[in-house]
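For reference, the structure discussed in these notes is given below.
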Amino acid sequence: MKPDLIQTVRTHTPLIHCITNYVTVNDVANILLACGASPIMADDAQEVEEITALCDGLVLNIGTLNSRTIDSMLLAGKRANALGHTVVLDPVGVGASRLRTETAKKLLQQVQFSVIRGNISEISTLCGIDSHTQGVDAAPADAVTEETLEKAIAFAKQFSAQTGAVIAITGAIDIVADSETAYIIRNGHAIMSKVTGTGCMLTAVVAAYCQANPEVLTQAAAAAVAAMGLCGELAYERMQRTPLAGTSSFRTFLIDAISRIDDETLREGIKIEVR
Amino acid sequence: MKPDLIQTVRTHTPLIHCITNYVTVNDVANILLACGASPIMADDAQEVEEITALCDGLVLNIGTLNSRTIDSMLLAGKRANALGHTVVLDPVGVGASRLRTETAKKLLQQVQFSVIRGNISEISTLCGIDSHTQGVDAAPADAVTEETLEKAIAFAKQFSAQTGAVIAITGAIDIVADSETAYIIRNGHAIMSKVTGTGCMLTAVVAAYCQANPEVLTQAAAAAVAAMGLCGELAYERMQRTPLAGTSSFRTFLIDAISRIDDETLREGIKIEVR
Amino acid sequence: MKPDLIQTVRTHTPLIHCITNYVTVNDVANILLACGASPIMADDAQEVEEITALCDGLVLNIGTLNSRTIDSMLLAGKRANALGHTVVLDPVGVGASRLRTETAKKLLQQVQFSVIRGNISEISTLCGIDSHTQGVDAAPADAVTEETLEKAIAFAKQFSAQTGAVIAITGAIDIVADSETAYIIRNGHAIMSKVTGTGCMLTAVVAAYCQANPEVLTQAAAAAVAAMGLCGELAYERMQRTPLAGTSSFRTFLIDAISRIDDETLREGIKIEVR
């Protein structure tokens, strides 16, 4: 792992343009600031190309899609591609409706993504494989387990070859893969699914880490996934030590941890293997 | 009170579709997770019917209404009715504008609600009774007090008979009534009105509790109202013991408390009577 | 400084209508409640005139502008003017796109603002002066320093004379000026820029303080700016004393501090001079 990957984000302060859902947008903005980046949210078709041109990276998140913002996503994505920016897709709930599925496909066809991050149900749907999408969470039947891990790794590598994007499949076990190398990450805590937006936030952190460390793109995405998982562990420990704390305190502690994490902490806490 | 009402929510994890305002949407999602349910927010007319079909319950909240989402609410409401889902209405600020009043009426005409939750000004306006709507808070002149309680109970029962929905009128004293039975709840703390979204959050919790306990619908709505009030009391106590804490800490403590509450805590802290 | 300026907000509970961005809207609502005011968010052209007529003040924030809400801002602004309400503009990111710049100009032409609050890049752009807008943060080259302070004060006074609005330029050093008097405020902490929405929240607090104290408009705006800065300092101190706290805890502590601050605390902590 590049030794100063996190520090580089804090030094470069990449400006990340997000077209994202209104449920978790505030958390996404705050976690970008916490990890050392700077957010700008803008979704009107009349301005997204100009806004994205001022930025270094772009996040497209289809969480609360509407007809107005779909065009904006396509415009911003193409412009960001033309400028060589890091572009990250979060296909929230793809498969849950035709609108999401068709929009995700349109995005895949017209925009070249640097990284695509989702749960296994979402990534499988994207790839056209039959999956069991249930709202915005991964279906239990799809979960990546030790038993299905090898198959999931092969799938991630193949989908990366097909799309040219680093594929990040997150869940109890995370896989971050390009066509040749897969990082398997075992950080994180189950309570992260009891707070809305941990996926959306992670996607934004991936964009920031990748934009600041483009020469090691897959590694940067893996570091973001591991950092988020490790911060989830640290936040859970802090929650356990705080009397009466519950899931809302956990959310605060998670963003706090992202704002404090450095390369050394990540190096000590990361549970990663390469396959 | 059904003894395992809260546990049932945690066991069943009802998936609740929310078409809600963008002010408090994040809190609504987080409190649904905190109480054991799972949220999905989607408001585009092109997908709301499909999304609601994947879910178990639906919340319609008119807090930041716009022409685009009104159609979505009608479409989702009718589909949820056809599927027999729990459908809950939060008529935020009805009476404050013709748009809200007409939309609320349209919703009442075209959608059968399981529960309608609002403050006394909102519920009175819904019923066509002259009220003193002042923005999104109840007008002081409308407040339910010990003096006006009997009248308010009779009104709630009658409005329930008229709409076929359980009516939850919340304020300093809460009333949850069907056409025959009214629960009077005296939990809660005044500081809850110093945080935005306690009403919206409560509506979502009502949907989750009712969806998981449909055989005792009125009781489940009453339990949700009481649980929220009790958690407000617990959060206030915790705030008092936390040096320098203010309203934002209170908000965190409130959601924390909802994430921790169980049936035994509710049984011990509930202040409820039946009339 | 008027001795009961903050208390007056808590006594009068001004109702503030906000047409604001969806990134920080929840924080804006919560800080209005925290400072003693009451928020209502509504942005549909069909209702904004009625809603604003129920209120005492109006905030227009162009943070996530879209074609739908631009008309709403113009309608609400004109109506609020006709009713003599306090109207505050936050020109978030003006200069970052033609849409923002043209909308801000349209607003300046058609609406009379009581106060305009932004960073130096935004206010300079508004005034037509060449600036270096970089997303939503002030460009380093524009920063108000001790060296450029005199020039910035003169600019603020002149822009106030031109617009008839109190001008609040916030950054490391804050300037609040009408055409004759400028308040220079040195409260605040750099960490405030590591949380999204401190600017948006401040704008809302300015609206509340000014609406409750219209007879000392410039002073009220200066008090709001100083109170926010002082609360930033207090929140930072609390964060330093809280093990493992980071930027998300800071955000909670900031709103907590606003909910607790009184006139005496402000009087003791304010760092203000008049020029």
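Order determines the names: the first chain of the structure tokens is A, the second B, and so forth; residues in each chain are numbered 1 upward, and ligands are numbered 1 upward as they are shown.
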
| said: With only C-alpha atoms considered, list every residue of chain A at most 8 Å from chain C, as a PyMOL selection string. | reply: chain A and resi 15+22+25-26+29-30+33-34+40-44+46-47+50-51+54-55+252-253+255-257+259-260

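The environment of segment 154-169 of chain C within 8 Å, counting only C-alpha atoms and disregarding residues fewer than 4 places along the same chain, consists of Leu108, Gln112, Phe113, Ser114, Val115, Ile116, Arg117, Gly118, Asn119, Ile120, Ile123, Cys127, Glu150, Asp174, Ile175, Val176, Ala177, Asp178, Ser179, Glu180, Thr181, Ala182, Leu217, Thr218, Ala221 and Ala222 of chain C.
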
| note | Using only C-alpha atoms, the residue out of B:Ala226, B:Thr86, B:Leu74, B:Leu107 with shortest distance to Thr265 of chain B is B:Ala226

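Proximity to Glu122 of chain B at 8 Å, evaluated using only C-alpha atoms and with sequence-adjacent residues fewer than 6 positions away removed, yields Pro91, Val92, Gly93, Val94, Gly95, Thr133 and Ala138 of chain B.
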
| request: Apply DSSP to the structure's backbone, then extract all residues of segment 120-248 of chain C labelled helix (DSSP H, G or I) and return them as an MDAnalysis selection string. | output: chainID C and resid 120:126 140:142 149:163 190:194 198:212 214:241 247:248

| message | When DSSP is applied to the backbone of this structure, which of segment 180-266 of chain C are assigned strand (DSSP E or B)? Write them out as a ChimeraX atom specification. | response | /C:182-185

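Checking C:Val144, C:Leu149, C:Ile70, C:Leu75 one by one against Ala172 of chain C, counting only C-alpha atoms, you find the shortest gap at C:Val144.
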
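The coordinates place atom CA of Lys151 of chain B at 26.7 Å from atom CA of Val87 of chain B.
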
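Interatomic distance, atom CA of Met1 of chain A against atom CA of Gln211 of chain A: 16.0 Å.
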
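Put simply, atom CA of Met192 of chain B is 8.8 Å away from atom CA of Tyr236 of chain B.
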